[in-house]
file entry26.txt (compact mmCIF, C-alpha atoms and all ligand atoms)
# COMPACT_ATOMS: atom_id res chain seq x y z
CA MET V 1 -11.13 13.86 21.43
CA ASN V 2 -11.18 10.13 21.98
CA ILE V 3 -8.08 8.42 20.69
CA VAL V 4 -7.45 4.70 20.20
CA VAL V 5 -3.84 3.50 20.14
CA VAL V 6 -3.26 -0.03 18.87
CA GLY V 7 -0.32 -1.84 20.51
CA GLY V 8 1.09 -2.42 23.95
CA GLY V 9 4.83 -1.87 24.17
CA GLY V 10 7.27 0.83 25.25
CA ARG V 11 6.85 2.59 21.93
CA GLU V 12 3.10 2.82 22.43
CA HIS V 13 3.60 4.09 25.98
CA ALA V 14 5.82 6.90 24.63
CA ILE V 15 3.25 7.75 21.93
CA ILE V 16 0.39 7.81 24.46
CA ARG V 17 2.32 10.06 26.84
CA LYS V 18 3.00 12.47 24.00
CA LEU V 19 -0.59 12.45 22.72
CA LYS V 20 -1.78 13.26 26.25
CA GLU V 21 0.04 16.59 26.09
CA ASN V 22 -2.67 17.85 23.72
CA PRO V 23 -5.40 19.51 25.84
CA SER V 24 -8.16 18.45 23.46
CA VAL V 25 -7.43 14.77 24.16
CA GLU V 26 -10.11 13.58 26.57
CA ALA V 27 -9.44 9.87 26.68
CA ILE V 28 -6.99 7.43 25.20
CA HIS V 29 -7.89 3.78 24.73
CA ALA V 30 -5.18 1.17 24.23
CA CYS V 31 -5.47 -2.26 22.58
CA PRO V 32 -4.17 -4.03 24.56
CA GLY V 33 -1.82 -1.61 26.41
CA ASN V 34 0.19 -2.84 29.41
CA GLY V 35 0.69 -2.27 33.15
CA GLY V 36 2.26 1.16 32.77
CA ILE V 37 -0.04 2.27 29.99
CA SER V 38 -3.00 1.52 32.26
CA CYS V 39 -2.02 4.61 34.30
CA ASP V 40 -2.24 6.81 31.19
CA ALA V 41 -5.00 5.21 29.13
CA VAL V 42 -7.93 2.82 29.35
CA CYS V 43 -6.61 -0.63 28.41
CA HIS V 44 -8.88 -3.04 26.56
CA ASP V 45 -8.43 -6.76 26.22
CA VAL V 46 -8.26 -6.61 22.42
CA ALA V 47 -5.20 -7.99 20.63
CA ALA V 48 -3.27 -5.57 18.42
CA THR V 49 -3.82 -7.89 15.45
CA ASP V 50 -7.59 -8.28 15.96
CA ILE V 51 -8.92 -6.10 13.14
CA ASP V 52 -12.62 -6.72 13.87
CA GLY V 53 -12.08 -6.30 17.61
CA VAL V 54 -10.26 -2.98 17.18
CA ALA V 55 -12.90 -1.72 14.72
CA ALA V 56 -15.66 -2.65 17.18
CA LEU V 57 -13.87 -0.87 20.02
CA CYS V 58 -13.38 2.27 17.91
CA LYS V 59 -17.12 2.28 17.29
CA GLU V 60 -17.93 1.69 20.95
CA VAL V 61 -15.74 4.52 22.26
CA LYS V 62 -16.60 6.79 19.30
CA ALA V 63 -12.97 7.18 18.35
CA ASP V 64 -12.10 10.51 16.74
CA PHE V 65 -8.64 9.34 15.75
CA VAL V 66 -6.84 5.98 15.70
CA VAL V 67 -3.11 5.28 15.74
CA VAL V 68 -2.07 1.82 14.52
CA THR V 69 1.50 1.30 15.71
CA PRO V 70 2.86 -2.29 15.38
CA ASP V 71 4.01 -3.88 12.12
CA ASP V 72 1.71 -6.91 12.05
CA PRO V 73 -1.70 -5.15 12.08
CA LEU V 74 -0.36 -2.66 9.51
CA VAL V 75 0.82 -5.46 7.22
CA LEU V 76 -2.51 -7.27 7.75
CA GLY V 77 -4.44 -4.20 6.55
CA MET V 78 -5.94 -2.83 9.77
CA VAL V 79 -5.74 0.75 8.48
CA ASP V 80 -7.71 -0.17 5.35
CA ALA V 81 -10.44 -1.69 7.51
CA LEU V 82 -10.58 1.29 9.89
CA ASN V 83 -10.62 3.81 7.05
CA ALA V 84 -13.41 1.86 5.37
CA ALA V 85 -15.35 2.01 8.64
CA GLY V 86 -14.95 5.80 8.63
CA PHE V 87 -12.19 6.22 11.23
CA ARG V 88 -9.43 8.77 10.73
CA THR V 89 -6.34 6.64 11.22
CA PHE V 90 -2.59 7.18 11.37
CA GLY V 91 -0.54 4.47 9.69
CA PRO V 92 0.09 3.09 6.19
CA ASN V 93 -2.46 0.94 4.42
CA LYS V 94 -1.73 -2.67 3.51
CA ALA V 95 -0.40 -1.82 0.05
CA ALA V 96 2.19 0.54 1.53
CA ALA V 97 3.04 -1.51 4.65
CA ILE V 98 4.54 -4.15 2.34
CA ILE V 99 7.69 -2.03 2.41
CA GLU V 100 8.33 -3.74 5.76
CA GLY V 101 6.15 -6.82 5.26
CA SER V 102 8.28 -8.21 2.45
CA LYS V 103 12.04 -7.80 2.19
CA VAL V 104 11.83 -9.20 -1.33
CA PHE V 105 9.53 -6.28 -2.21
CA SER V 106 11.71 -3.66 -0.53
CA LYS V 107 14.98 -4.94 -2.03
CA ASP V 108 13.45 -5.05 -5.52
CA LEU V 109 12.01 -1.56 -4.99
CA MET V 110 15.44 -0.19 -4.09
CA LYS V 111 17.04 -1.91 -7.07
CA ARG V 112 14.37 -0.58 -9.48
CA TYR V 113 14.67 3.00 -8.23
CA ASP V 114 18.43 3.10 -7.67
CA ILE V 115 18.27 3.54 -3.91
CA PRO V 116 21.57 2.46 -2.29
CA THR V 117 21.31 -0.92 -0.55
CA ALA V 118 23.47 -4.04 -0.14
CA GLY V 119 23.78 -6.24 -3.26
CA TYR V 120 21.50 -9.28 -2.98
CA GLU V 121 19.90 -12.39 -4.48
CA ILE V 122 16.49 -13.90 -3.69
CA PHE V 123 15.78 -17.63 -3.29
CA ASP V 124 12.74 -19.80 -2.66
CA ASP V 125 14.70 -23.05 -2.77
CA PRO V 126 17.13 -23.90 0.07
CA THR V 127 19.42 -26.00 -2.16
CA GLU V 128 19.84 -23.16 -4.64
CA ALA V 129 20.39 -20.68 -1.82
CA LEU V 130 23.19 -22.85 -0.45
CA ARG V 131 24.73 -23.39 -3.87
CA TYR V 132 24.86 -19.62 -4.29
CA ILE V 133 26.46 -19.13 -0.86
CA GLU V 134 29.06 -21.80 -1.63
CA GLN V 135 29.97 -20.30 -5.02
CA ASN V 136 29.99 -16.75 -3.66
CA ASP V 137 32.34 -17.92 -0.90
CA THR V 138 32.54 -14.57 0.91
CA TYR V 139 31.87 -14.26 4.64
CA PRO V 140 30.23 -12.87 6.63
CA ILE V 141 27.13 -13.13 4.49
CA VAL V 142 23.68 -11.89 5.50
CA ILE V 143 20.56 -14.07 5.30
CA LYS V 144 17.14 -12.49 5.81
CA ALA V 145 13.71 -14.08 6.02
CA ASP V 146 11.35 -12.32 3.60
CA GLY V 147 8.49 -11.59 6.03
CA LEU V 148 8.02 -10.29 9.57
CA ALA V 149 10.08 -12.05 12.26
CA LEU V 150 9.93 -9.89 15.41
CA GLY V 151 13.18 -8.20 14.43
CA LYS V 152 14.99 -11.53 14.63
CA GLY V 153 14.84 -12.68 10.99
CA VAL V 154 18.40 -11.66 10.11
CA ILE V 155 21.31 -14.08 10.32
CA ILE V 156 24.88 -12.91 9.82
CA ALA V 157 26.77 -16.09 8.91
CA LYS V 158 30.52 -16.13 9.39
CA SER V 159 31.07 -19.46 7.63
CA TYR V 160 29.39 -21.85 5.21
CA GLU V 161 28.36 -24.02 8.18
CA GLU V 162 26.61 -21.10 9.89
CA ALA V 163 24.91 -20.14 6.63
CA LYS V 164 23.72 -23.72 6.18
CA ASP V 165 22.23 -23.75 9.68
CA GLY V 166 20.56 -20.40 9.00
CA ILE V 167 19.03 -21.48 5.68
CA HIS V 168 17.89 -24.71 7.27
CA SER V 169 16.16 -23.05 10.21
CA ILE V 170 14.51 -20.29 8.14
CA MET V 171 13.52 -22.26 5.00
CA GLU V 172 13.06 -25.82 6.23
CA ASP V 173 12.34 -25.68 9.98
CA LYS V 174 10.39 -22.48 9.26
CA ILE V 175 11.23 -20.90 12.59
CA PHE V 176 9.52 -17.74 11.31
CA GLY V 177 6.70 -19.62 9.58
CA ALA V 178 5.73 -18.49 6.07
CA SER V 179 8.06 -15.50 6.48
CA GLY V 180 10.80 -17.95 5.50
CA ASN V 181 9.30 -19.09 2.19
CA HIS V 182 11.73 -16.73 0.50
CA VAL V 183 15.10 -15.49 1.70
CA VAL V 184 17.19 -12.51 0.73
CA ILE V 185 20.92 -13.23 0.74
CA GLU V 186 22.91 -10.05 0.81
CA GLU V 187 26.34 -8.56 0.98
CA PHE V 188 27.68 -7.69 4.46
CA LEU V 189 28.17 -3.96 4.96
CA THR V 190 30.03 -2.13 7.70
CA GLY V 191 29.74 1.32 9.25
CA PRO V 192 27.81 3.14 11.95
CA GLU V 193 24.07 2.46 11.98
CA VAL V 194 21.50 5.22 12.18
CA SER V 195 17.74 5.04 12.61
CA VAL V 196 15.79 7.86 10.98
CA LEU V 197 12.04 8.01 11.52
CA CYS V 198 10.03 10.26 9.21
CA PHE V 199 6.51 11.57 9.09
CA THR V 200 5.17 11.44 5.57
CA ASP V 201 1.79 11.98 3.92
CA SER V 202 3.24 10.68 0.61
CA LYS V 203 3.71 14.24 -0.69
CA THR V 204 5.93 15.74 1.98
CA ILE V 205 8.50 14.01 4.15
CA ARG V 206 9.65 15.40 7.49
CA THR V 207 12.49 13.67 9.27
CA MET V 208 12.47 13.34 13.04
CA VAL V 209 15.65 13.66 15.10
CA SER V 210 17.99 10.74 14.39
CA SER V 211 18.70 7.94 16.83
CA MET V 212 20.94 4.94 17.45
CA ASP V 213 19.63 1.52 18.48
CA HIS V 214 21.66 -1.16 20.30
CA LYS V 215 20.38 -4.44 18.91
CA ARG V 216 22.70 -7.00 20.50
CA VAL V 217 21.83 -8.22 23.95
CA TYR V 218 25.22 -7.73 25.66
CA ASP V 219 27.74 -4.92 26.06
CA ASN V 220 30.18 -4.28 23.18
CA ASP V 221 27.57 -5.55 20.72
CA GLU V 222 27.96 -9.16 21.76
CA GLY V 223 25.37 -11.92 21.92
CA PRO V 224 22.28 -12.43 19.80
CA ASN V 225 20.08 -9.74 18.25
CA THR V 226 17.11 -8.44 20.24
CA GLY V 227 14.27 -6.05 19.50
CA GLY V 228 16.62 -3.33 20.81
CA MET V 229 18.32 -2.91 24.21
CA GLY V 230 18.60 0.86 24.27
CA THR V 231 18.76 4.01 22.20
CA ILE V 232 20.19 7.49 22.12
CA SER V 233 19.09 10.56 20.20
CA PRO V 234 20.38 12.43 18.28
CA ASN V 235 22.82 10.03 16.58
CA PRO V 236 26.24 11.78 16.50
CA PHE V 237 27.22 10.11 13.21
CA TYR V 238 24.24 11.66 11.42
CA THR V 239 25.63 15.07 10.49
CA PRO V 240 23.75 17.70 8.44
CA GLU V 241 25.83 16.62 5.40
CA VAL V 242 24.75 12.99 5.86
CA GLU V 243 21.15 14.11 6.30
CA GLU V 244 21.32 16.07 3.03
CA GLU V 245 22.74 13.04 1.19
CA CYS V 246 20.10 10.72 2.68
CA MET V 247 17.31 13.09 1.68
CA ARG V 248 18.57 13.26 -1.90
CA LYS V 249 19.53 9.60 -2.42
CA ILE V 250 17.17 7.72 -0.11
CA PHE V 251 14.25 9.51 1.57
CA LEU V 252 12.74 11.43 -1.34
CA PRO V 253 13.42 8.63 -3.88
CA THR V 254 11.67 6.13 -1.59
CA ILE V 255 8.53 8.26 -1.26
CA GLU V 256 8.50 8.82 -5.03
CA ALA V 257 9.09 5.13 -5.70
CA MET V 258 6.12 4.16 -3.53
CA ASN V 259 3.95 6.71 -5.32
CA LYS V 260 5.04 5.37 -8.72
CA GLU V 261 4.23 1.84 -7.59
CA GLY V 262 0.71 2.98 -6.71
CA ARG V 263 1.42 2.43 -3.01
CA PRO V 264 1.51 5.94 -1.49
CA PHE V 265 2.88 5.72 2.04
CA LYS V 266 1.18 7.72 4.82
CA GLY V 267 2.38 7.39 8.39
CA CYS V 268 5.78 6.95 10.00
CA LEU V 269 8.42 5.51 7.70
CA TYR V 270 11.54 4.20 9.43
CA PHE V 271 14.85 4.11 7.59
CA GLY V 272 17.46 1.77 9.08
CA LEU V 273 20.67 3.09 7.56
CA MET V 274 24.32 2.13 7.53
CA LEU V 275 26.86 4.86 6.87
CA THR V 276 29.37 2.95 4.73
CA GLN V 277 32.58 4.16 3.10
CA LYS V 278 30.54 4.52 -0.09
CA GLY V 279 27.83 6.64 1.56
CA PRO V 280 24.55 5.86 3.33
CA TYR V 281 22.88 2.52 2.49
CA VAL V 282 19.43 1.25 3.47
CA ILE V 283 19.61 -1.80 5.75
CA GLU V 284 15.86 -1.99 6.26
CA TYR V 285 12.61 -0.09 6.03
CA ASN V 286 9.99 -0.31 8.75
CA CYS V 287 6.43 0.88 8.14
CA ARG V 288 6.08 2.22 11.69
CA PHE V 289 7.76 3.89 14.63
CA GLY V 290 10.83 2.00 15.90
CA ASP V 291 11.00 0.47 19.35
CA PRO V 292 12.97 1.67 21.37
CA GLU V 293 13.77 4.58 19.00
CA THR V 294 10.40 6.23 19.68
CA GLN V 295 11.17 6.36 23.39
CA VAL V 296 14.12 8.74 22.74
CA VAL V 297 12.77 10.63 19.72
CA LEU V 298 9.34 11.72 20.98
CA PRO V 299 10.57 13.34 24.23
CA LEU V 300 12.53 15.74 21.98
CA LEU V 301 9.48 16.64 19.88
CA GLN V 302 8.26 20.16 20.56
CA THR V 303 5.31 20.30 18.14
CA ASP V 304 2.06 18.62 19.12
CA LEU V 305 2.09 14.97 17.99
CA LEU V 306 -1.66 14.68 17.38
CA THR V 307 -1.57 17.77 15.14
CA ILE V 308 1.19 16.14 13.06
CA MET V 309 -0.63 12.81 12.85
CA GLU V 310 -3.83 14.53 11.72
CA ALA V 311 -1.86 16.52 9.12
CA VAL V 312 -0.46 13.22 7.78
CA TYR V 313 -3.96 11.78 7.52
CA ASP V 314 -5.27 14.95 5.83
CA GLU V 315 -2.21 15.09 3.53
CA LYS V 316 -1.39 18.57 4.78
CA LEU V 317 2.02 17.90 6.27
CA SER V 318 3.58 20.62 4.07
CA GLU V 319 1.65 23.23 6.05
CA LEU V 320 3.30 22.25 9.34
CA ASP V 321 6.53 23.50 10.80
CA ILE V 322 7.79 20.73 13.09
CA GLN V 323 10.05 21.84 15.92
CA TRP V 324 12.50 19.81 18.01
CA LYS V 325 14.02 20.54 21.38
CA ASN V 326 17.75 20.99 21.84
CA GLY V 327 19.57 18.49 24.00
CA ALA V 328 19.67 14.72 23.92
CA SER V 329 17.87 11.68 25.24
CA ALA V 330 18.79 8.15 26.19
CA CYS V 331 16.79 4.98 26.85
CA VAL V 332 18.10 1.93 28.70
CA VAL V 333 15.99 -1.20 28.28
CA MET V 334 15.67 -3.43 31.34
CA ALA V 335 14.96 -6.99 30.18
CA SER V 336 13.80 -10.22 31.82
CA GLY V 337 16.43 -12.78 32.83
CA GLY V 338 17.01 -15.04 29.80
CA TYR V 339 15.79 -12.61 27.13
CA PRO V 340 16.08 -12.84 24.08
CA LYS V 341 15.72 -16.58 24.76
CA SER V 342 12.96 -17.85 27.06
CA TYR V 343 12.33 -15.96 30.29
CA PRO V 344 9.98 -16.08 33.28
CA LYS V 345 6.98 -13.78 33.64
CA GLY V 346 4.99 -12.45 36.59
CA ILE V 347 7.95 -11.18 38.63
CA GLU V 348 7.24 -8.15 40.79
CA ILE V 349 8.97 -4.89 39.86
CA THR V 350 9.89 -2.51 42.68
CA GLY V 351 11.35 0.99 42.75
CA LEU V 352 9.22 2.34 39.93
CA ASP V 353 8.19 5.39 41.89
CA GLU V 354 8.74 4.69 45.57
CA ASN V 355 12.37 5.82 45.30
CA GLY V 356 11.33 9.23 44.02
CA GLN V 357 11.15 10.19 40.38
CA LEU V 358 14.16 11.89 38.91
CA ASP V 359 13.51 15.16 37.17
CA GLY V 360 13.67 14.56 33.41
CA ALA V 361 13.51 10.74 33.67
CA VAL V 362 10.50 8.75 32.50
CA ILE V 363 9.91 5.03 32.63
CA TYR V 364 8.11 3.64 29.62
CA HIS V 365 6.60 0.23 30.23
CA ALA V 366 7.05 -2.46 27.58
CA GLY V 367 6.39 -5.95 28.99
CA THR V 368 4.52 -5.27 32.23
CA LYS V 369 1.10 -5.95 33.69
CA ALA V 370 -0.75 -4.50 36.65
CA GLU V 371 -1.96 -7.19 39.08
CA ASP V 372 -3.25 -6.85 42.66
CA GLY V 373 -2.04 -3.26 42.77
CA ARG V 374 1.46 -4.30 41.78
CA ILE V 375 3.42 -4.09 38.56
CA LYS V 376 4.82 -7.39 37.32
CA THR V 377 6.94 -8.47 34.36
CA ALA V 378 5.02 -9.79 31.36
CA GLY V 379 7.49 -9.76 28.48
CA GLY V 380 11.14 -9.93 27.40
CA ARG V 381 11.81 -6.24 27.22
CA VAL V 382 10.22 -4.94 30.41
CA LEU V 383 10.99 -1.24 30.82
CA GLY V 384 12.53 1.55 28.77
CA VAL V 385 14.12 3.85 31.30
CA THR V 386 14.49 7.16 29.50
CA ALA V 387 15.93 10.56 30.32
CA VAL V 388 16.52 13.83 28.54
CA GLY V 389 19.37 16.22 29.28
CA ASP V 390 21.27 19.16 27.88
CA SER V 391 23.92 16.72 26.65
CA LEU V 392 24.01 13.02 25.85
CA GLN V 393 26.21 12.40 28.89
CA GLN V 394 23.66 14.08 31.14
CA ALA V 395 20.81 12.08 29.65
CA LEU V 396 22.74 8.82 30.04
CA ASP V 397 23.74 9.59 33.64
CA LYS V 398 20.15 10.31 34.56
CA ALA V 399 18.79 7.22 32.79
CA TYR V 400 21.29 4.95 34.53
CA GLU V 401 20.59 6.62 37.89
CA ALA V 402 16.90 5.83 37.39
CA VAL V 403 17.75 2.23 36.39
CA GLY V 404 19.63 1.89 39.67
CA LYS V 405 16.44 2.54 41.63
CA ILE V 406 14.46 -0.22 39.92
CA HIS V 407 14.57 -3.89 40.78
CA PHE V 408 13.13 -7.18 39.59
CA ASP V 409 14.71 -10.60 39.92
CA GLY V 410 16.81 -11.56 36.91
CA ALA V 411 16.76 -8.06 35.38
CA HIS V 412 19.54 -7.35 32.94
CA TYR V 413 20.46 -4.33 30.85
CA ARG V 414 23.37 -3.03 28.83
CA LYS V 415 25.82 -0.81 30.68
CA ASP V 416 27.26 0.75 27.51
CA ILE V 417 24.32 2.47 25.82
CA GLY V 418 25.60 5.46 23.86
CA LYS V 419 29.25 4.63 24.54
CA LYS V 420 30.13 4.51 20.83
CA SER V 421 29.31 8.21 20.61
CA PHE V 422 32.23 9.38 22.74
P1 LIG G 1 17.32 -5.76 10.41
O1 LIG G 1 16.37 -6.60 11.20
O2 LIG G 1 17.14 -5.85 8.93
O3 LIG G 1 17.40 -4.35 10.94
O4 LIG G 1 18.77 -6.33 10.70
C1 LIG G 1 19.21 -6.50 12.02
C2 LIG G 1 20.63 -6.06 12.12
O5 LIG G 1 21.45 -6.91 11.31
C3 LIG G 1 20.89 -4.64 11.61
O6 LIG G 1 20.66 -3.66 12.55
C4 LIG G 1 22.36 -4.73 11.26
O7 LIG G 1 23.16 -4.56 12.41
C5 LIG G 1 22.52 -6.14 10.77
N1 LIG G 1 22.46 -6.20 9.30
C6 LIG G 1 21.38 -6.33 8.52
N2 LIG G 1 21.74 -6.32 7.22
C7 LIG G 1 23.07 -6.17 7.18
C8 LIG G 1 24.04 -6.08 6.12
N3 LIG G 1 23.71 -6.17 4.83
N4 LIG G 1 25.33 -5.92 6.47
C9 LIG G 1 25.70 -5.85 7.77
N5 LIG G 1 24.85 -5.93 8.79
C10 LIG G 1 23.54 -6.08 8.51
N1 LIG G 2 14.44 -0.98 16.96
C1 LIG G 2 14.26 -1.53 15.69
C2 LIG G 2 12.88 -1.68 15.25
O1 LIG G 2 11.96 -1.12 15.80
O2 LIG G 2 12.66 -2.43 14.30
call {"tool": "encode", "arguments": {"input": "entry26.txt", "output": "structure tokens"}}
result
Amino acid sequence: MNIVVVGGGGREHAIIRKLKENPSVEAIHACPGNGGISCDAVCHDVAATDIDGVAALCKEVKADFVVVTPDDPLVLGMVDALNAAGFRTFGPNKAAAIIEGSKVFSKDLMKRYDIPTAGYEIFDDPTEALRYIEQNDTYPIVIKADGLALGKGVIIAKSYEEAKDGIHSIMEDKIFGASGNHVVIEEFLTGPEVSVLCFTDSKTIRTMVSSMDHKRVYDNDEGPNTGGMGTISPNPFYTPEVEEECMRKIFLPTIEAMNKEGRPFKGCLYFGLMLTQKGPYVIEYNCRFGDPETQVVLPLLQTDLLTIMEAVYDEKLSELDIQWKNGASACVVMASGGYPKSYPKGIEITGLDENGQLDGAVIYHAGTKAEDGRIKTAGGRVLGVTAVGDSLQQALDKAYEAVGKIHFDGAHYRKDIGKKSF
């Protein structure tokens, strides 16, 4: 089979590696891929958001199956276009991807269908938003841009002044463009966070092993939010009792709600949860695999990934028994100096394999490019150094040992991934 994978980050590298385990996969094509992916797939200079370009490539390589991974092409309707062109594709259509594309939509959905989420108000006028914040007078308060914002559209304001700056930058300076035309202002919740990715064909939902992201850039959850600085799986806070409660109050009701809205969701649905004193609450939905959650979840998947993705497309997920490996995995993200603010690119990375690969460790490339036979940095999050082990401690030790062998100028990473679990 010829497979096309749309995207070019660490998550896509993990998906490609997993798809390659299927012996019927002949070739994988990536749009656009990255330096590391180029060792596992044929990379094409087609942007992940270029719907016509991706459709043309699928035709050219006679794609048997397409996986659309990032949020923006999904929200733009790439799956609709590929389906219309006759390609079997994994990922939600535009109508369903709105669950991530608009926080106003997802908050209203949860309210309508009684799915637990933080109390909220929606505003399209900055003056009214600020009047509400002033009258509410409770801090911290959470301000979210309605649309996509590279995982950075959430501001947790500890004072009226901070809230004012946040509203100003989202709604007036439009730092996230039209994504800031509306804001959601919501109640601040506390508790451990859990990421749960699910396969669903809109009839059946199958949860993957749980994981924990580390969103802040520095140790002890300090500094600004990032796309994610590391992950562990499984998440120790996500017990079988919590899973049962989430299935009953959140997962199944969400699938049913989307069906009732005439927006059946097929693909990977990501639940960002907070385990509060009052039970699990939804912090966010994503219409796709998480990054870097995928890097720790997929190495624990026993069942063939392509078989599952095809079952989702064919709406036959109920016929599959999905198996997971025992043990744990950990991913440490190595980032460019300066990230999540501005950072240099084009810096050579050494130690990727010349120091000897560690058994059970795998380095997923996120922001890299291959140039003159070398691998260089090309993004903020550069590598996802991942390891599996019998225990979380083993996986972490191995991942950090592998990190120690890699070097690029300015590299930084968190030293406390998974620490909250012990
Ligand atoms: P999001 O991009 O929606 O996942 O939000 C980024 C991060 O902001 C989350 O992982 C949480 O740590 C935090 N966050 C979002 N909403 C809330 C909330 N209502 N209360 C507390 N923290 C939140
Ligand atoms: N790691 C969080 C996300 O993928 O949105």
call {"tool": "closest_residue", "arguments": {"input": "entry26.txt", "among": "V:Ile322, V:Ile232, V:Ser179, V:Leu269", "to": "Ala399 in chain V", "atoms": "only C-alpha atoms"}}
result
V:Ile232
call {"tool": "residues_near_ligand", "arguments": {"input": "entry26.txt", "ligand": "ligand LIG 2 (chain G)", "cutoff": "7 Å", "atoms": "all atoms listed in the file", "output": "CSV table (one decimal) with C-alpha atoms, in the frame of the given file"}}
result
chain,number,residue,atom,x,y,z
V,151,GLY,CA,13.2,-8.2,14.4
V,213,ASP,CA,19.6,1.5,18.5
V,227,GLY,CA,14.3,-6.0,19.5
V,228,GLY,CA,16.6,-3.3,20.8
V,286,ASN,CA,10.0,-0.3,8.8
V,289,PHE,CA,7.8,3.9,14.6
V,290,GLY,CA,10.8,2.0,15.9
V,291,ASP,CA,11.0,0.5,19.4
V,292,PRO,CA,13.0,1.7,21.4
V,293,GLU,CA,13.8,4.6,19.0
call {"tool": "closest_residue", "arguments": {"input": "entry26.txt", "among": "V:Glu256, V:Glu241, V:Asp50, V:Asp359", "to": "Tyr113 in chain V", "atoms": "all atoms listed in the file"}}
result
V:Glu256
call {"tool": "residues_near_point", "arguments": {"input": "entry26.txt", "point": "(4.5, -6.8, 40.6)", "cutoff": "7 Å", "atoms": "all atoms listed in the file", "output": "VMD selection string"}}
result
chain V and resid 346 to 349 370 to 371 374 to 377
call {"tool": "closest_residue", "arguments": {"input": "entry26.txt", "among": "V:Phe251, V:Tyr281, V:Phe176, V:Phe265", "to": "ligand LIG 1 (chain G)", "atoms": "only C-alpha atoms and all ligand atoms"}}
result
V:Tyr281
call {"tool": "atom_distance", "arguments": {"input": "entry26.txt", "atom1": "CA of Cys31 in chain V", "atom2": "CA of Gly86 in chain V"}}
result
18.7 Å
call {"tool": "closest_residue", "arguments": {"input": "entry26.txt", "among": "V:Phe90, V:Tyr238, V:Phe123, V:Phe271", "to": "ligand LIG 1 (chain G)", "atoms": "only C-alpha atoms and all ligand atoms"}}
result
V:Phe271
call {"tool": "residues_near_point", "arguments": {"input": "entry26.txt", "point": "(3.9, 8.4, 21.4)", "cutoff": "10 Å", "atoms": "only C-alpha atoms", "output": "PyMOL selection string"}}
result
chain V and resi 5+10-20+67+69+289+294-295+297-299+305-306
call {"tool": "write_last_selection", "arguments": {"input": "entry26.txt", "atoms": "C-alpha atoms", "output": "short mmCIF file (atom, residue, chain, number, x, y, z; two decimals), keeping the file's coordinate frame"}}
result
data_model
loop_
_atom_site.label_atom_id
_atom_site.label_comp_id
_atom_site.auth_asym_id
_atom_site.auth_seq_id
_atom_site.Cartn_x
_atom_site.Cartn_y
_atom_site.Cartn_z
CA VAL V 5 -3.84 3.50 20.14
CA GLY V 10 7.27 0.83 25.25
CA ARG V 11 6.85 2.59 21.93
CA GLU V 12 3.10 2.82 22.43
CA HIS V 13 3.60 4.09 25.98
CA ALA V 14 5.82 6.90 24.63
CA ILE V 15 3.25 7.75 21.93
CA ILE V 16 0.39 7.81 24.46
CA ARG V 17 2.32 10.06 26.84
CA LYS V 18 3.00 12.47 24.00
CA LEU V 19 -0.59 12.45 22.72
CA LYS V 20 -1.78 13.26 26.25
CA VAL V 67 -3.11 5.28 15.74
CA THR V 69 1.50 1.30 15.71
CA PHE V 289 7.76 3.89 14.63
CA THR V 294 10.40 6.23 19.68
CA GLN V 295 11.17 6.36 23.39
CA VAL V 297 12.77 10.63 19.72
CA LEU V 298 9.34 11.72 20.98
CA PRO V 299 10.57 13.34 24.23
CA LEU V 305 2.09 14.97 17.99
CA LEU V 306 -1.66 14.68 17.38
#
call {"tool": "closest_residue", "arguments": {"input": "entry26.txt", "among": "V:Ile205, V:Val184, V:Leu383, V:Ala361", "to": "Leu320 in chain V", "atoms": "all atoms listed in the file"}}
result
V:Ile205
call {"tool": "closest_residue", "arguments": {"input": "entry26.txt", "among": "V:Leu76, V:Val25, V:Ala56, V:Met212", "to": "ligand LIG 1 (chain G)", "atoms": "only C-alpha atoms and all ligand atoms"}}
result
V:Met212
call {"tool": "residues_near_ligand", "arguments": {"input": "entry26.txt", "ligand": "ligand LIG 1 (chain G)", "cutoff": "6 Å", "atoms": "all atoms listed in the file", "output": "VMD selection string"}}
result
chain V and resid 118 142 151 154 186 to 190 283 to 284
call {"tool": "write_last_selection", "arguments": {"input": "entry26.txt", "atoms": "C-alpha atoms", "output": "PDB file, in the coordinates of the input"}}
result
ATOM      1  CA  ALA V 118      23.470  -4.040  -0.140  1.00  0.00           C
ATOM      2  CA  VAL V 142      23.680 -11.890   5.500  1.00  0.00           C
ATOM      3  CA  GLY V 151      13.180  -8.200  14.430  1.00  0.00           C
ATOM      4  CA  VAL V 154      18.400 -11.660  10.110  1.00  0.00           C
ATOM      5  CA  GLU V 186      22.910 -10.050   0.810  1.00  0.00           C
ATOM      6  CA  GLU V 187      26.340  -8.560   0.980  1.00  0.00           C
ATOM      7  CA  PHE V 188      27.680  -7.690   4.460  1.00  0.00           C
ATOM      8  CA  LEU V 189      28.170  -3.960   4.960  1.00  0.00           C
ATOM      9  CA  THR V 190      30.030  -2.130   7.700  1.00  0.00           C
ATOM     10  CA  ILE V 283      19.610  -1.800   5.750  1.00  0.00           C
ATOM     11  CA  GLU V 284      15.860  -1.990   6.260  1.00  0.00           C
TER      12      GLU V 284
END
call {"tool": "atom_distance", "arguments": {"input": "entry26.txt", "atom1": "CA of Ile3 in chain V", "atom2": "CA of Gly77 in chain V"}}
result
19.3 Å
call {"tool": "residues_around", "arguments": {"input": "entry26.txt", "residues": "Val296 in chain V", "least_positions_apart": "3", "cutoff": "9 Å", "atoms": "only C-alpha atoms", "output": "PyMOL selection string"}}
result
chain V and resi 14+211+231-234+292-293+299-300+328-331+386-388
call {"tool": "decode", "arguments": {"input": "entry26.txt", "residues": "range 360-365 of chain V", "atoms": "C-alpha atoms", "output": "compact mmCIF listing (two decimals), in the first residue's frame"}}
result
# COMPACT_ATOMS: atom_id res chain seq x y z
CA GLY V 360 14.18 0.74 23.61
CA ALA V 361 14.91 4.43 22.91
CA VAL V 362 13.71 6.18 19.76
CA ILE V 363 14.27 9.74 18.66
CA TYR V 364 11.29 11.30 16.93
CA HIS V 365 12.18 14.37 14.92
